[in-house]
file my_file02.cif (mmCIF, C-alpha atoms and all ligand atoms)
data_target
loop_
_atom_site.label_atom_id
_atom_site.label_comp_id
_atom_site.auth_asym_id
_atom_site.auth_seq_id
_atom_site.Cartn_x
_atom_site.Cartn_y
_atom_site.Cartn_z
CA MET J 1 6.87 59.77 -35.65
CA HIS J 2 7.21 56.85 -33.21
CA ILE J 3 4.97 57.39 -30.19
CA THR J 4 5.48 54.88 -27.40
CA VAL J 5 2.67 54.67 -24.86
CA LEU J 6 3.24 52.95 -21.53
CA THR J 7 -0.07 52.21 -19.83
CA GLY J 8 -1.00 51.00 -16.36
CA ALA J 9 -4.16 50.09 -14.51
CA GLY J 10 -5.32 53.74 -14.47
CA ILE J 11 -6.17 53.76 -18.19
CA SER J 12 -8.80 51.07 -17.60
CA ALA J 13 -10.26 52.71 -14.46
CA GLU J 14 -12.86 54.61 -16.53
CA SER J 15 -13.90 51.27 -18.04
CA GLY J 16 -14.86 50.14 -14.54
CA ILE J 17 -11.79 47.98 -13.87
CA PRO J 18 -10.32 49.19 -10.58
CA THR J 19 -6.61 49.89 -9.96
CA PHE J 20 -5.25 48.50 -6.73
CA ARG J 21 -2.90 51.07 -5.23
CA GLY J 22 -5.74 53.49 -4.47
CA ALA J 23 -7.40 50.84 -2.31
CA GLY J 24 -4.52 50.57 0.19
CA GLY J 25 -2.58 47.97 -1.77
CA LEU J 26 -5.60 45.70 -2.09
CA TRP J 27 -6.68 44.27 -5.43
CA GLU J 28 -10.49 43.81 -5.32
CA GLY J 29 -10.24 43.25 -1.56
CA PHE J 30 -7.37 40.76 -1.78
CA LYS J 31 -3.80 41.27 -0.60
CA VAL J 32 -1.64 41.55 -3.70
CA GLU J 33 0.94 39.12 -2.26
CA ASP J 34 -1.80 36.48 -1.87
CA VAL J 35 -3.05 36.63 -5.45
CA ALA J 36 -0.07 37.88 -7.45
CA SER J 37 2.97 36.00 -6.20
CA PRO J 38 4.37 32.46 -6.61
CA GLU J 39 4.17 32.06 -2.81
CA GLY J 40 0.45 32.97 -2.79
CA TRP J 41 -0.10 30.44 -5.58
CA LEU J 42 1.64 27.67 -3.62
CA ARG J 43 -0.39 28.51 -0.48
CA ASP J 44 -3.83 28.37 -2.12
CA GLN J 45 -4.12 27.52 -5.80
CA LYS J 46 -7.92 27.26 -5.78
CA MET J 47 -8.31 30.75 -4.33
CA VAL J 48 -5.86 32.26 -6.83
CA LEU J 49 -7.69 30.56 -9.73
CA GLN J 50 -11.04 31.87 -8.45
CA PHE J 51 -9.61 35.37 -8.14
CA TYR J 52 -8.47 35.44 -11.79
CA ASN J 53 -11.68 33.73 -12.99
CA ALA J 54 -13.55 36.68 -11.47
CA ARG J 55 -11.14 39.21 -13.05
CA ARG J 56 -11.65 37.51 -16.45
CA LYS J 57 -15.44 37.86 -16.15
CA ALA J 58 -15.11 41.52 -15.12
CA VAL J 59 -12.87 42.32 -18.09
CA LYS J 60 -15.31 40.55 -20.44
CA ASN J 61 -18.10 42.81 -19.19
CA ALA J 62 -16.02 46.00 -19.58
CA ASN J 63 -15.51 48.06 -22.72
CA PRO J 64 -12.64 50.20 -23.96
CA ASN J 65 -13.03 53.84 -22.93
CA LYS J 66 -12.26 57.01 -24.86
CA ALA J 67 -8.57 56.89 -23.93
CA HIS J 68 -8.13 53.40 -25.45
CA LEU J 69 -10.15 54.43 -28.52
CA ASP J 70 -8.27 57.70 -29.10
CA LEU J 71 -4.92 55.89 -28.90
CA ALA J 72 -6.11 53.36 -31.48
CA ALA J 73 -7.31 56.16 -33.80
CA LEU J 74 -3.93 57.88 -33.46
CA GLU J 75 -2.44 55.07 -35.60
CA GLN J 76 -3.94 56.81 -38.63
CA HIS J 77 -1.37 59.60 -38.12
CA HIS J 78 1.66 58.11 -36.35
CA HIS J 79 3.36 54.84 -35.49
CA VAL J 80 1.92 54.09 -32.05
CA GLN J 81 3.46 51.37 -29.90
CA ILE J 82 1.50 50.41 -26.79
CA ILE J 83 3.40 48.78 -23.95
CA THR J 84 0.91 47.87 -21.25
CA GLN J 85 1.19 46.57 -17.72
CA ASN J 86 -2.48 45.66 -17.91
CA ILE J 87 -3.71 42.12 -18.18
CA ASP J 88 -6.99 43.21 -19.78
CA ASP J 89 -7.55 43.29 -23.56
CA LEU J 90 -9.07 46.76 -23.85
CA HIS J 91 -6.29 48.12 -26.08
CA GLU J 92 -6.88 45.19 -28.47
CA ARG J 93 -10.64 45.71 -28.46
CA ALA J 94 -10.18 49.44 -29.07
CA GLY J 95 -8.28 48.53 -32.25
CA SER J 96 -4.62 49.22 -31.40
CA LYS J 97 -2.38 47.03 -33.53
CA ASN J 98 1.04 47.20 -31.84
CA ILE J 99 0.69 46.00 -28.27
CA VAL J 100 3.18 44.40 -25.90
CA HIS J 101 1.82 43.01 -22.63
CA LEU J 102 4.46 43.20 -19.93
CA HIS J 103 2.51 41.43 -17.20
CA GLY J 104 0.64 38.80 -19.16
CA GLU J 105 -2.91 38.44 -20.39
CA ILE J 106 -6.06 37.42 -18.54
CA PHE J 107 -7.42 35.58 -21.60
CA LYS J 108 -4.51 33.14 -21.68
CA SER J 109 -3.53 30.23 -19.47
CA ARG J 110 -0.30 28.30 -19.21
CA SER J 111 1.29 25.22 -17.73
CA VAL J 112 2.97 25.56 -14.34
CA LYS J 113 5.69 23.23 -15.65
CA ASN J 114 6.54 24.99 -18.90
CA GLU J 115 5.84 28.66 -19.41
CA SER J 116 5.93 28.32 -23.21
CA ILE J 117 2.84 26.07 -23.23
CA ILE J 118 0.18 28.77 -23.52
CA TYR J 119 -3.51 28.49 -24.40
CA ASP J 120 -6.28 30.94 -25.21
CA CYS J 121 -8.64 31.01 -22.28
CA GLU J 122 -12.14 32.50 -22.45
CA GLY J 123 -13.72 30.66 -19.52
CA ASP J 124 -12.65 29.57 -16.04
CA ILE J 125 -9.43 27.78 -15.14
CA ASN J 126 -10.23 25.11 -12.54
CA PHE J 127 -8.05 23.19 -10.14
CA GLY J 128 -7.27 19.93 -11.98
CA ASP J 129 -7.27 21.48 -15.48
CA ILE J 130 -3.98 20.38 -16.99
CA ALA J 131 -1.77 21.26 -19.96
CA THR J 132 -0.45 18.72 -22.50
CA ASP J 133 2.65 18.24 -20.31
CA GLY J 134 0.50 17.30 -17.30
CA GLY J 135 1.16 20.58 -15.50
CA GLN J 136 -1.71 22.36 -13.72
CA LEU J 137 -2.95 25.34 -15.74
CA ARG J 138 -2.43 28.78 -14.19
CA PRO J 139 -3.25 32.27 -15.44
CA HIS J 140 -0.72 33.61 -17.97
CA ILE J 141 0.09 36.51 -15.66
CA VAL J 142 3.50 37.73 -14.48
CA TRP J 143 3.43 37.72 -10.69
CA PHE J 144 5.65 39.76 -8.39
CA GLY J 145 9.10 38.20 -8.27
CA GLU J 146 8.74 36.46 -11.65
CA GLN J 147 10.71 37.23 -14.80
CA VAL J 148 9.10 39.62 -17.30
CA PRO J 149 9.52 37.74 -20.60
CA ASN J 150 8.63 40.73 -22.80
CA LEU J 151 10.97 43.17 -21.06
CA GLU J 152 13.78 43.06 -23.65
CA LYS J 153 11.28 43.62 -26.47
CA ALA J 154 9.75 46.55 -24.56
CA ILE J 155 13.20 48.08 -23.97
CA THR J 156 14.09 47.87 -27.68
CA LEU J 157 10.79 49.50 -28.65
CA THR J 158 11.17 52.26 -26.04
CA GLU J 159 14.66 53.03 -27.33
CA ARG J 160 13.10 53.82 -30.73
CA SER J 161 10.63 56.42 -29.41
CA ASP J 162 10.34 60.02 -30.54
CA ILE J 163 7.78 60.73 -27.81
CA LEU J 164 6.96 58.70 -24.70
CA VAL J 165 3.52 58.92 -23.08
CA ILE J 166 2.93 57.31 -19.68
CA ILE J 167 -0.72 56.88 -18.71
CA GLY J 168 -2.32 55.68 -15.47
CA THR J 169 0.63 54.05 -13.83
CA SER J 170 1.98 54.68 -10.35
CA MET J 171 5.55 54.00 -11.63
CA LEU J 172 6.01 51.81 -8.55
CA VAL J 173 6.05 48.41 -10.26
CA TYR J 174 9.51 47.39 -11.49
CA PRO J 175 10.97 46.62 -13.95
CA ALA J 176 8.09 48.23 -15.93
CA ALA J 177 8.76 51.65 -14.37
CA SER J 178 12.42 51.46 -15.44
CA LEU J 179 11.40 51.62 -19.13
CA LEU J 180 11.31 55.41 -18.78
CA HIS J 181 15.10 55.35 -18.53
CA TYR J 182 15.48 53.54 -21.86
CA ALA J 183 13.80 56.31 -23.84
CA PRO J 184 16.30 58.41 -25.84
CA TYR J 185 17.72 61.19 -23.69
CA ASP J 186 15.70 64.43 -23.82
CA ILE J 187 12.75 63.21 -25.93
CA PRO J 188 9.47 64.71 -24.68
CA VAL J 189 7.81 62.55 -22.01
CA TYR J 190 4.14 63.14 -21.19
CA ILE J 191 2.72 61.77 -17.94
CA ILE J 192 -1.07 61.55 -17.80
CA ASN J 193 -2.45 60.80 -14.34
CA PRO J 194 -4.91 62.56 -11.98
CA GLU J 195 -2.30 61.96 -9.26
CA ILE J 196 1.18 62.70 -10.52
CA PRO J 197 3.51 59.80 -9.55
CA GLU J 198 6.58 60.42 -7.40
CA MET J 199 9.46 60.80 -9.85
CA ASN J 200 12.35 63.08 -10.72
CA LYS J 201 11.09 66.13 -12.55
CA LYS J 202 13.29 66.62 -15.62
CA SER J 203 12.82 69.57 -17.98
CA ASN J 204 11.58 67.30 -20.80
CA TYR J 205 8.84 65.78 -18.57
CA HIS J 206 5.36 67.25 -19.03
CA PHE J 207 2.60 66.44 -16.58
CA ILE J 208 -1.07 66.30 -17.61
CA LYS J 209 -2.93 65.99 -14.30
CA LYS J 210 -6.13 64.51 -15.69
CA ASN J 211 -8.01 61.24 -16.03
CA ALA J 212 -6.87 59.11 -18.97
CA SER J 213 -9.75 60.01 -21.31
CA GLU J 214 -9.40 63.78 -20.85
CA GLY J 215 -5.60 63.65 -20.69
CA VAL J 216 -5.21 61.65 -23.92
CA ALA J 217 -7.62 63.99 -25.72
CA GLU J 218 -5.62 67.01 -24.49
CA PHE J 219 -2.31 65.41 -25.58
CA ILE J 220 -3.64 64.69 -29.08
CA ARG J 221 -5.18 68.15 -29.46
CA ASP J 222 -2.58 70.41 -27.81
CA VAL J 223 0.68 68.53 -28.30
CA LEU J 224 0.18 66.66 -31.58
CA LYS J 225 -2.14 69.38 -32.90
CA LEU J 226 -4.50 66.83 -34.46
P1 LIG J 301 -1.48 50.97 -9.93
O1 LIG J 301 -2.76 50.38 -9.45
O2 LIG J 301 -0.26 50.80 -9.15
O3 LIG J 301 -1.64 52.53 -10.19
C1 LIG J 301 -2.69 53.01 -10.91
C2 LIG J 301 -2.41 54.45 -11.31
O4 LIG J 301 -3.51 54.89 -12.09
C3 LIG J 301 -2.26 55.42 -10.14
O5 LIG J 301 -1.10 56.21 -10.33
C4 LIG J 301 -3.53 56.29 -10.22
O6 LIG J 301 -3.30 57.64 -9.81
C5 LIG J 301 -3.84 56.22 -11.71
N1 LIG J 301 -5.24 56.43 -12.06
C6 LIG J 301 -6.35 56.14 -11.35
N2 LIG J 301 -7.45 56.49 -12.04
C7 LIG J 301 -7.02 56.98 -13.23
C8 LIG J 301 -7.68 57.48 -14.39
N3 LIG J 301 -9.02 57.55 -14.48
N4 LIG J 301 -6.92 57.92 -15.43
C9 LIG J 301 -5.57 57.87 -15.37
N5 LIG J 301 -4.89 57.40 -14.30
C10 LIG J 301 -5.61 56.95 -13.25
O7 LIG J 301 -1.32 50.42 -11.38
P2 LIG J 301 -0.06 49.97 -12.13
O8 LIG J 301 1.06 50.92 -11.89
O9 LIG J 301 -0.46 49.70 -13.50
O10 LIG J 301 0.37 48.58 -11.45
C11 LIG J 301 -0.56 47.64 -11.06
C12 LIG J 301 -0.32 46.24 -11.64
O11 LIG J 301 -1.48 45.47 -11.33
C13 LIG J 301 -0.27 46.24 -13.13
O12 LIG J 301 1.03 46.03 -13.50
C14 LIG J 301 -1.15 45.08 -13.58
O13 LIG J 301 -0.38 43.93 -13.82
C15 LIG J 301 -2.04 44.82 -12.42
N6 LIG J 301 -3.43 45.32 -12.64
C16 LIG J 301 -3.97 45.30 -13.89
C17 LIG J 301 -5.26 45.79 -14.11
C18 LIG J 301 -5.81 45.75 -15.51
O14 LIG J 301 -5.39 44.93 -16.31
N7 LIG J 301 -6.75 46.65 -15.88
C19 LIG J 301 -5.99 46.31 -13.04
C20 LIG J 301 -5.42 46.30 -11.75
C21 LIG J 301 -4.12 45.82 -11.57
#
call {"tool": "encode", "arguments": {"input": "my_file02.cif", "output": "structure tokens"}}
result
Amino acid sequence: MHITVLTGAGISAESGIPTFRGAGGLWEGFKVEDVASPEGWLRDQKMVLQFYNARRKAVKNANPNKAHLDLAALEQHHHVQIITQNIDDLHERAGSKNIVHLHGEIFKSRSVKNESIIYDCEGDINFGDIATDGGQLRPHIVWFGEQVPNLEKAITLTERSDILVIIGTSMLVYPAASLLHYAPYDIPVYIINPEIPEMNKKSNYHFIKKNASEGVAEFIRDVLKL
């Protein structure tokens, strides 16, 4: 069975990485438009670099939680495809093998001039650090208003699902939220979130109003009967 799992910031909340919608649209005290938009980048590149340098350190110090680990273990029984909006690497560190990052990765940097010049990035990116083409390095993150390069891939994978599971996402960030509509009509869709997102309630949608760790465990036990 092909299980597609769409994850958002909420799945990493129990690992100590905060979501931002709960905090009044702020991301670690910063306005999202200042740190996650091309305009914010043009206004203050040093500040944006510092913001992501701090996020990179925080992710390094975090560990996958039970929800990430249970999803990785599920690969022993089913084909599990993770499509994540998260920029952290907690699905990778939990051991999941099939992962598509929709919004980029905190441990990569890229040239501002050419988005295909991408580097691994464990440490800080500083103002003045340049790529081979002379372009300033920036975080390899998809900001609001930018194209989502992996969207087509994510759509194709979602179209192949037998079950769709949506964990810890507010379903407010597009086009990621639109993936739901590419799942085959009438397949079971499970939504795991302590606060159920605003969305149409179709008969094949099942809501598990729990934190990610408890909700994933319940899904595996009660739905998959494993
Ligand atoms: P969001 O911040 O908009 O929404 C988070 C959702 O998680 C909410 O619906 C909330 O009810 C739910 N939630 C909170 N605690 C939870 C828990 N313990 N278990 C399950 N669900 C929980 O997040 P989003 O929709 O993913 O969009 C935010 C964007 O910001 C992402 O696309 C991402 O690019 C970026 N972001 C990433 C990270 C990360 O990589 N960990 C963290 C913050 C923001």
call {"tool": "residues_around", "arguments": {"input": "my_file02.cif", "residues": "segment 69-79 of chain J", "least_positions_apart": "5", "cutoff": "6 Å", "atoms": "only C-alpha atoms", "output": "PyMOL selection string"}}
result
chain J and resi 1-2+94-96
call {"tool": "residues_near_ligand", "arguments": {"input": "my_file02.cif", "ligand": "ligand LIG 301 (chain J)", "cutoff": "6 Å", "atoms": "only C-alpha atoms and all ligand atoms", "output": "PDB file with C-alpha atoms, in the coordinates of the input"}}
result
ATOM      1  CA  GLY J   8      -1.000  51.000 -16.360  1.00  0.00           C
ATOM      2  CA  ALA J   9      -4.160  50.090 -14.510  1.00  0.00           C
ATOM      3  CA  GLY J  10      -5.320  53.740 -14.470  1.00  0.00           C
ATOM      4  CA  ILE J  11      -6.170  53.760 -18.190  1.00  0.00           C
ATOM      5  CA  SER J  12      -8.800  51.070 -17.600  1.00  0.00           C
ATOM      6  CA  ALA J  13     -10.260  52.710 -14.460  1.00  0.00           C
ATOM      7  CA  GLU J  14     -12.860  54.610 -16.530  1.00  0.00           C
ATOM      8  CA  ILE J  17     -11.790  47.980 -13.870  1.00  0.00           C
ATOM      9  CA  PRO J  18     -10.320  49.190 -10.580  1.00  0.00           C
ATOM     10  CA  THR J  19      -6.610  49.890  -9.960  1.00  0.00           C
ATOM     11  CA  PHE J  20      -5.250  48.500  -6.730  1.00  0.00           C
ATOM     12  CA  ARG J  21      -2.900  51.070  -5.230  1.00  0.00           C
ATOM     13  CA  GLN J  85       1.190  46.570 -17.720  1.00  0.00           C
ATOM     14  CA  ASN J  86      -2.480  45.660 -17.910  1.00  0.00           C
ATOM     15  CA  ILE J  87      -3.710  42.120 -18.180  1.00  0.00           C
ATOM     16  CA  ASP J  88      -6.990  43.210 -19.780  1.00  0.00           C
ATOM     17  CA  HIS J 103       2.510  41.430 -17.200  1.00  0.00           C
ATOM     18  CA  ILE J 167      -0.720  56.880 -18.710  1.00  0.00           C
ATOM     19  CA  GLY J 168      -2.320  55.680 -15.470  1.00  0.00           C
ATOM     20  CA  THR J 169       0.630  54.050 -13.830  1.00  0.00           C
ATOM     21  CA  SER J 170       1.980  54.680 -10.350  1.00  0.00           C
ATOM     22  CA  MET J 171       5.550  54.000 -11.630  1.00  0.00           C
ATOM     23  CA  VAL J 173       6.050  48.410 -10.260  1.00  0.00           C
ATOM     24  CA  ASN J 193      -2.450  60.800 -14.340  1.00  0.00           C
ATOM     25  CA  PRO J 194      -4.910  62.560 -11.980  1.00  0.00           C
ATOM     26  CA  GLU J 195      -2.300  61.960  -9.260  1.00  0.00           C
ATOM     27  CA  PRO J 197       3.510  59.800  -9.550  1.00  0.00           C
ATOM     28  CA  ASN J 211      -8.010  61.240 -16.030  1.00  0.00           C
ATOM     29  CA  ALA J 212      -6.870  59.110 -18.970  1.00  0.00           C
TER      30      ALA J 212
END
call {"tool": "closest_residue", "arguments": {"input": "my_file02.cif", "among": "J:Glu122, J:Glu146, J:Glu159, J:Asp129", "to": "Val59 of chain J", "atoms": "only C-alpha atoms"}}
result
J:Glu122
call {"tool": "residues_near_point", "arguments": {"input": "my_file02.cif", "point": "(-2.0, 36.3, -2.9)", "cutoff": "12 Å", "atoms": "all atoms listed in the file", "output": "PyMOL selection string"}}
result
chain J and resi 25-52+143-144
call {"tool": "residues_around", "arguments": {"input": "my_file02.cif", "residues": "Leu157 of chain J", "least_positions_apart": "6", "cutoff": "9 Å", "atoms": "all atoms listed in the file", "output": "VMD selection string"}}
result
chain J and resid 4 81 83 183
call {"tool": "write_last_selection", "arguments": {"input": "my_file02.cif", "atoms": "C-alpha atoms", "output": "PDB file, keeping the file's coordinate frame"}}
result
ATOM      1  CA  THR J   4       5.480  54.880 -27.400  1.00  0.00           C
ATOM      2  CA  GLN J  81       3.460  51.370 -29.900  1.00  0.00           C
ATOM      3  CA  ILE J  83       3.400  48.780 -23.950  1.00  0.00           C
ATOM      4  CA  ALA J 183      13.800  56.310 -23.840  1.00  0.00           C
TER       5      ALA J 183
END
